[in-house]
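Notes to accompany the following structure.
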Amino acid sequence: MSKWVYTFGDGKAEGRADMKNLLGGKGANLAEMSNIGIPVPAGFTITTEVCTYYYANGNQYPAELMDQVRTALIDVEGIMGAKFGDAGNPLLVSVRSGARASMPGMMDTVLNLGLNDQTVEGLIAQSGDARFAYDSYRRFIQMYSDVVLEIDHHHFEDLLEDLKADRGYNLDTELGADDWKELVGKYKAKVAEQLGRPFPEDPTEQMWGAVGAVFGSWMNQRAITYRRLHDIPESWGTAVNVQAMVFGNMGDDCATGVAFTRDPSTGENTFYGEYLVNAQGEDVVAGIRTPQHLTIEGKTRNESDLPAMEEVMPGLFAELDAIRHRLEAHYKDMQDMEFTIQGGKLWMLQTRNGKRTSAASLKIAVDMANEGLIDKKEAIMRIDPMQLDQLLHPTLDPKAPRDVIASGLPASPGAASGKVVFSAEDAEDWAKRGEKVILARIETSPEDIGGMHVAQGIITTRGGMTSHAAVVARGMGRPCVAGAGMIRINYAEKLFTIGGLTIKEGDVVTLDGSTGQIMRGEVPTIQPELTGDFAALMEWADAGRRLKVRTNAETPLDAQTARKFGAEGIGLCRTEHMFFDPLRIIHMRQMIVAQDEAGRRAALEKLLPYQRQDFIDLFSIMQGLPVTIRLLDPPLHEFLPHTQDEMQEVANAAGVELKTIRTLVATLSESNPMLGHRGCRLGISYPEIYEMQALAIFQAAVQVSQASGQTVVPEVMIPLIGTRKELDLLKAVVDKAAAQVFAETGTTLSYAVGTMIELPRAALRAAEIAESAEFFSFGTNDLTQTTLGMSRDDSGPFLETYRLRGIYEKDPFATIDRDGVGELVKIAAERGRSTRAGIKMGICGEHGGDPASIAFCEEIGLDCVSCSPYRVPIARLAAAQAAIGGEINGTK
């Protein structure tokens, strides 16, 4: 017979902490506390497997469940010395949810269950307080009616307010026993009116109604939304915990409270929490009364004149403090505890690993390792790598007021304030005048790169988490809110509107790229600290990882930022970003409009010094670390002008008529440029472009090597290869340029020529391509697009639907699609190594900064990941966790 129910209480339990999958987090911890002798009101847990059964069988329970619950209830009655439904000595219970992962407030709870017109008299006899008993009864009716009977709680609130008005009361505390008794009658009459049947008096019927409501709440909308936001699978289900009630509101020797074993905001090792004398737990969290601090230190720090528990109940406080230390030592993590004191006896109602801020999470992990409570590997595993994002960027001062006017997707973390501008050109002009600006665009394009670079932050009304704006902003470390669809931008009038609110050019706004919020006015920020605990954790992580971590960078600022964050080289330098500077774009456009090779070479000759200096800067900053440079990738039309004035400027510079430029713009425009004349296809059509870039690379490498005495390691990467022949043709161009520079300078350097694997054909033909390629870098952005046949810029609207329908568990542009894209990467890695043993391989798409994707790279034995500068610490920590996880799972 299957076991569906597990009991706990009186220093013993049928469950344990490691049974969280079966008992849920709350049930497993109640069992564990009971096992180690912590005073816990007795109860039992109905397992998560019942929830799974319930939904798989038309909301029916297993046949054995009712008998197992009846047996468990008898056990609880014996421990607590009271009987469920007994008029003289009633046992009352709470019925609560308890999923594997904490989902605070998302599912339903019923307290004081078991009260009716008979048992309320028994509660009066037990407590000697009729007011308390009838207050508990009316709370139960209201909660049960809302949660189980689905009667809107406003009906009961209205009745309460009407009664207070009739009596001339202002506060609930002014109501006496007779008032509450009268209100109970009114509540029951309202239930009968709403349902056409009386409120259930039978405690057993009440309990099964509550159990069904808790299981039903697993599928309520707020729980579904919470699971989606926190990647909690629907299949996990929830447990139900039925536990004896203890009361913190039976007199002045009673209290209730919430405590943390460390400060959840700062991580400081201090007892932190609040309590109330003569109150129920909901009073603490609902703000009905002003809670008091547990400790004298907390009272003093917060300048409270209310007495601390340490003063009012010193003996019970000492007992609670001892339990605090005991639980933290047992669980080896910061605990969030709920407690109740009834008649001078302390009961622990819950413990769980406490939610904490990113800064607190870091401090607690490092402190616990230094205290010897956990080891360094465990400290590394404790930190969610994505939490580091909040520590690497400025954050809004939590104490500062904020006027939120719109929201979008949190596309790039950090916070910034500035004056709104609506074009990249204006952003650059205003920045030159010393203004801090926020660039607002419907969507961004590569042409906006200059404005994005000088802006403090970026807002777009279209696009998702992997849109152009999001990707570029993350690379630059700029906060970005993308897809803020409620905003309407009017470029002509230089303003945007949100409903009836208008924000004009020059108005100050603040954006929070970590939450997606946009605020009116300036909100103060706090700068990050990258020393102390952060530095210690990163040192431990570096000692524990195998994967190298490089950065995606093409500007000196990006490269310097990445080095500050511990990058071990550049894994992707996108050279196209270097050509949008106003001093260069004109020559780029001259090259495009040239009628023959001679004309193109003349324009490229003007670009060569700029390109050479770009690489000198990068090689110098990287100080001998490898630098992977991707030759020109996007189609040429992206560099062409769009406005009449710009077209005329290009026509004048090229010595042609305006209509010639217009015709060229139209001719080069492609219906699907992502799959068009770009990457290696450009290099094969116009090899002089790649020749110029290769000359610049090797001239810069030689110059820096000679000047610094350091070894410079250039890696030249050919994009969009689909066949070995393409690579061979362009490798010959690169090798010829290298030979030319080495002959002219009398200096020879080692270098490598490799390719991006970003087409399914290249992945499948990797064995053949590796005979020529000296390294592979998986461009997983494009490989995802070409494998799934899905545009990262246009898929946002339907990808969320796909996730909800279970087609893709996660956004495949944010986390690598293991079964499709990942399988191609794995195939390419295996086939590449079959013809070139030891070939270096890594990824350089957005997945290079995603912890789940980094774990995949570790599993298949890639050598490095490359990510945007601000994600370097995230990747370092994730790589260490992947290596440690491999050891734990026995895969390493």
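Chain labels follow the order of the structure tokens: the first chain is A, the next B, and so on; residue numbering restarts at 1 in every chain, and ligands are counted from 1 in their shown order.
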
*DSSP on the backbone, then: every residue of stretch 411-489 of chain A marked helix (DSSP H, G or I), written as a ChimeraX atom specification.*
/A:424-432,446-454,468-476

*Neighbours of A:Phe534 within 10 Å (only C-alpha atoms; same-chain residues fewer than 6 positions away dropped), as a list in words?*
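Non-adjacent residues within range: Ala359, Leu362, Lys363, Val366, Leu388, Leu391, Leu392 and Pro873 of chain A.
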
Could you save those same residues with N, CA and C atoms as a compact mmCIF listing (two decimals), in the first residue's frame?
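Done, and the output landed in result_27.txt:
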# COMPACT_ATOMS: atom_id res chain seq x y z
N ALA A 359 23.63 41.05 -1.97
CA ALA A 359 24.77 41.40 -1.12
C ALA A 359 24.81 40.51 0.12
N LEU A 362 25.99 36.91 -0.71
CA LEU A 362 27.44 36.84 -0.86
C LEU A 362 28.13 36.84 0.50
N LYS A 363 27.73 37.76 1.35
CA LYS A 363 28.38 37.88 2.66
C LYS A 363 28.15 36.63 3.50
N VAL A 366 30.36 33.69 2.21
CA VAL A 366 31.78 33.87 2.53
C VAL A 366 32.02 33.76 4.03
N LEU A 388 24.91 38.04 -9.07
CA LEU A 388 26.07 38.93 -9.15
C LEU A 388 25.78 40.14 -10.02
N LEU A 391 25.25 43.10 -8.17
CA LEU A 391 26.40 43.61 -7.43
C LEU A 391 27.40 44.33 -8.33
N LEU A 392 27.29 44.16 -9.65
CA LEU A 392 28.28 44.70 -10.57
C LEU A 392 27.87 46.06 -11.14
N PRO A 873 32.20 38.02 -14.35
CA PRO A 873 32.17 37.37 -13.04
C PRO A 873 31.09 36.30 -12.93

*asked:* Measuring between only C-alpha atoms, which one of A:Gln517, A:Thr109, A:Asn370, A:Ser868 shows the shortest distance to A:Phe565?
replied: A:Ser868

*Using only C-alpha atoms, which residue out of A:His577, A:Arg876, A:Arg818, A:Lys164 lies closest to A:Phe856?*
A:Arg818

*Pull the strand (DSSP E or B) assignments for stretch 359-537 of chain A out of DSSP run on the backbone, and list those residues as an MDAnalysis selection string.*
chainID A and resid 395:396 403:407 409:412 415:421 437:441 457:460 480:482 488:490 495:498 501:504 508:512 517:520 525:526

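Computed from the coordinates, the atom CA of A:Ser412 to atom CA of A:Ile518 distance equals 13.1 Å.
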
May I have a table of the residues of stretch 179-284 of chain A lying at most 9 Å from stretch 64-77 of chain A, giving each one's closest pair of atoms and their distance in Å to one decimal, counting only C-alpha atoms, ordered by chain and ascending residue number, as a Markdown table?
| residue | atom | partner | partner_atom | distance |
| --- | --- | --- | --- | --- |
| A:Val242 | CA | A:Leu73 | CA | 8.8 |
| A:Gln243 | CA | A:Val76 | CA | 8.2 |
| A:Ala244 | CA | A:Val76 | CA | 7.4 |

*Could you state the separation of atom CA of A:Gly477 and atom CA of A:Ile442 in Å, given to one decimal place?*
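These two atoms are separated by 20.3 Å.
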
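Of the listed residues A:Asn241, A:Phe615, A:Trp540, A:Trp236, the one whose atoms come nearest to A:Glu378 is A:Trp540, with distances taken using only C-alpha atoms.
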
*Show which residues sit within 12 Å of A:Val656, as a PyMOL selection string. Count only C-alpha atoms, and ignore same-chain residues fewer than 5 positions away.*
chain A and resi 590+593-595+647-651+661-664

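Using only C-alpha atoms, the residues found no farther than 8 Å from A:Pro869, other than those of its own chain fewer than 4 positions away, are Arg474, Gly475, Met476, Gly477, Thr551, Asn552, Ala553, Asp558, Ala559, Thr561, Ala562, Phe565 and Ala567 of chain A.
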
Include N, CA and C atoms and write out the residues we just selected as a PDB file, in the first residue's frame.
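That gives us out-v9.pdb:
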ATOM      1  N   ARG A 474      23.967  45.036 -22.708  1.00  0.00           N
ATOM      2  CA  ARG A 474      24.649  44.163 -21.750  1.00  0.00           C
ATOM      3  C   ARG A 474      26.154  44.161 -22.007  1.00  0.00           C
ATOM      4  N   GLY A 475      26.509  44.163 -23.293  1.00  0.00           N
ATOM      5  CA  GLY A 475      27.925  44.194 -23.625  1.00  0.00           C
ATOM      6  C   GLY A 475      28.607  45.459 -23.135  1.00  0.00           C
ATOM      7  N   MET A 476      27.885  46.557 -23.175  1.00  0.00           N
ATOM      8  CA  MET A 476      28.448  47.842 -22.740  1.00  0.00           C
ATOM      9  C   MET A 476      28.297  48.078 -21.236  1.00  0.00           C
ATOM     10  N   GLY A 477      27.498  47.230 -20.592  1.00  0.00           N
ATOM     11  CA  GLY A 477      27.221  47.477 -19.184  1.00  0.00           C
ATOM     12  C   GLY A 477      26.238  48.602 -18.965  1.00  0.00           C
ATOM     13  N   THR A 551      35.978  37.618 -22.911  1.00  0.00           N
ATOM     14  CA  THR A 551      34.925  38.618 -23.057  1.00  0.00           C
ATOM     15  C   THR A 551      34.644  38.934 -24.512  1.00  0.00           C
ATOM     16  N   ASN A 552      33.445  39.436 -24.765  1.00  0.00           N
ATOM     17  CA  ASN A 552      33.109  40.008 -26.068  1.00  0.00           C
ATOM     18  C   ASN A 552      33.365  41.505 -25.964  1.00  0.00           C
ATOM     19  N   ALA A 553      34.336  42.015 -26.694  1.00  0.00           N
ATOM     20  CA  ALA A 553      34.708  43.430 -26.555  1.00  0.00           C
ATOM     21  C   ALA A 553      35.362  43.930 -27.830  1.00  0.00           C
ATOM     22  N   ASP A 558      35.298  48.615 -23.056  1.00  0.00           N
ATOM     23  CA  ASP A 558      34.796  47.255 -22.835  1.00  0.00           C
ATOM     24  C   ASP A 558      35.929  46.332 -22.409  1.00  0.00           C
ATOM     25  N   ALA A 559      37.054  46.441 -23.093  1.00  0.00           N
ATOM     26  CA  ALA A 559      38.188  45.563 -22.793  1.00  0.00           C
ATOM     27  C   ALA A 559      38.720  45.821 -21.390  1.00  0.00           C
ATOM     28  N   THR A 561      37.067  47.145 -18.857  1.00  0.00           N
ATOM     29  CA  THR A 561      36.051  46.703 -17.905  1.00  0.00           C
ATOM     30  C   THR A 561      36.135  45.192 -17.713  1.00  0.00           C
ATOM     31  N   ALA A 562      36.268  44.473 -18.811  1.00  0.00           N
ATOM     32  CA  ALA A 562      36.337  43.017 -18.748  1.00  0.00           C
ATOM     33  C   ALA A 562      37.577  42.544 -17.996  1.00  0.00           C
ATOM     34  N   PHE A 565      37.088  42.774 -14.427  1.00  0.00           N
ATOM     35  CA  PHE A 565      36.217  41.711 -13.942  1.00  0.00           C
ATOM     36  C   PHE A 565      36.834  40.319 -14.097  1.00  0.00           C
ATOM     37  N   ALA A 567      38.469  38.879 -16.998  1.00  0.00           N
ATOM     38  CA  ALA A 567      38.458  38.190 -18.296  1.00  0.00           C
ATOM     39  C   ALA A 567      39.861  37.711 -18.652  1.00  0.00           C
TER      40      ALA A 567
END

Find the residues near stretch 6-23 of chain A: any atom within 6 Å, counting only C-alpha atoms, skip ones fewer than 4 places away on the same chain, and give them as a PDB file with C-alpha atoms, in the first residue's frame.
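So result.pdb came out as:
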ATOM      1  CA  GLY A  27       6.761  19.476   5.651  1.00  0.00           C
ATOM      2  CA  ALA A  28      10.352  18.253   5.365  1.00  0.00           C
ATOM      3  CA  ASN A  29      11.598  20.968   7.715  1.00  0.00           C
ATOM      4  CA  ALA A  31       9.771  16.760  10.321  1.00  0.00           C
ATOM      5  CA  GLU A  32      13.465  17.596  10.631  1.00  0.00           C
ATOM      6  CA  SER A  34      10.805  17.495  15.312  1.00  0.00           C
ATOM      7  CA  ASN A  35      13.492  14.824  14.846  1.00  0.00           C
ATOM      8  CA  GLY A  37      14.068  17.914  19.402  1.00  0.00           C
ATOM      9  CA  ALA A  42       2.265  18.022  16.088  1.00  0.00           C
ATOM     10  CA  GLY A  43       0.835  17.451  12.653  1.00  0.00           C
ATOM     11  CA  PHE A  44       1.076  15.486   9.442  1.00  0.00           C
ATOM     12  CA  THR A  45       1.978  16.064   5.799  1.00  0.00           C
ATOM     13  CA  THR A  47       2.614  14.302   0.146  1.00  0.00           C
ATOM     14  CA  THR A  48       3.203  15.987  -3.189  1.00  0.00           C
ATOM     15  CA  ARG A 100       9.457  21.878  -2.847  1.00  0.00           C
ATOM     16  CA  ALA A 239       2.180  18.998  -0.245  1.00  0.00           C
TER      17      ALA A 239
END

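Near A:Ala852, within 9 Å and counting only C-alpha atoms, sit Thr815, Ile816, His847, Cys857, Ala878 and Ala882 of chain A; same-chain residues fewer than 5 positions away were not included.
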
Residues just named, written with C-alpha atoms as a PDB file, in the first residue's frame:
ATOM      1  CA  THR A 815      19.560  29.451 -22.450  1.00  0.00           C
ATOM      2  CA  ILE A 816      20.921  27.030 -25.017  1.00  0.00           C
ATOM      3  CA  HIS A 847      24.795  31.916 -24.001  1.00  0.00           C
ATOM      4  CA  CYS A 857      29.759  23.721 -22.126  1.00  0.00           C
ATOM      5  CA  ALA A 878      28.995  29.539 -13.149  1.00  0.00           C
ATOM      6  CA  ALA A 882      29.651  23.523 -13.314  1.00  0.00           C
TER       7      ALA A 882
END

*Please, what distance in Å, to one decimal, runs between atom CA of A:Ala829 and atom CA of A:Gly845?*
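Rounded to one decimal, the two atoms are 16.2 Å apart.
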
Close residues, stretch 202-209 of chain A itself excluded, 8 Å, only C-alpha atoms, min 3 positions apart in chain, as a PDB file with C-alpha atoms, in the first residue's frame:
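Writing done, so here's around23.pdb:
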ATOM      1  CA  PHE A  84     -10.512  17.151  16.807  1.00  0.00           C
ATOM      2  CA  GLY A  85     -14.189  18.166  16.867  1.00  0.00           C
ATOM      3  CA  VAL A  95      -4.067  23.603   6.766  1.00  0.00           C
ATOM      4  CA  LEU A 113      -9.970  24.951  11.405  1.00  0.00           C
ATOM      5  CA  GLY A 114     -12.284  22.794  13.536  1.00  0.00           C
ATOM      6  CA  LEU A 115     -14.300  25.617  15.102  1.00  0.00           C
ATOM      7  CA  ASN A 116     -18.082  25.482  15.120  1.00  0.00           C
ATOM      8  CA  VAL A 148     -12.634  27.128   0.244  1.00  0.00           C
ATOM      9  CA  GLY A 212      -8.910  20.332  -1.592  1.00  0.00           C
ATOM     10  CA  ALA A 213      -8.576  24.130  -1.700  1.00  0.00           C
TER      11      ALA A 213
END

_My list of candidates is A:Ala696, A:Ile585, A:Leu547, A:Met622. Which is closest to A:Val713 when distances are computed with only C-alpha atoms?_
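For A:Val713, the nearest of the given residues is A:Met622.
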
*Go through A:Asp850, A:Glu858, A:Asp614, A:Asp367 and flag the residue nearest A:Leu537, using only C-alpha atoms for the distances.*
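For A:Leu537, the nearest of the given residues is A:Asp367.
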
*Residue among A:Met790, A:Ile884, A:Ala177, A:Ile757 lying closest to A:Ala770, counting only C-alpha atoms*: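 The answer is A:Ile757, which sits nearest to A:Ala770.
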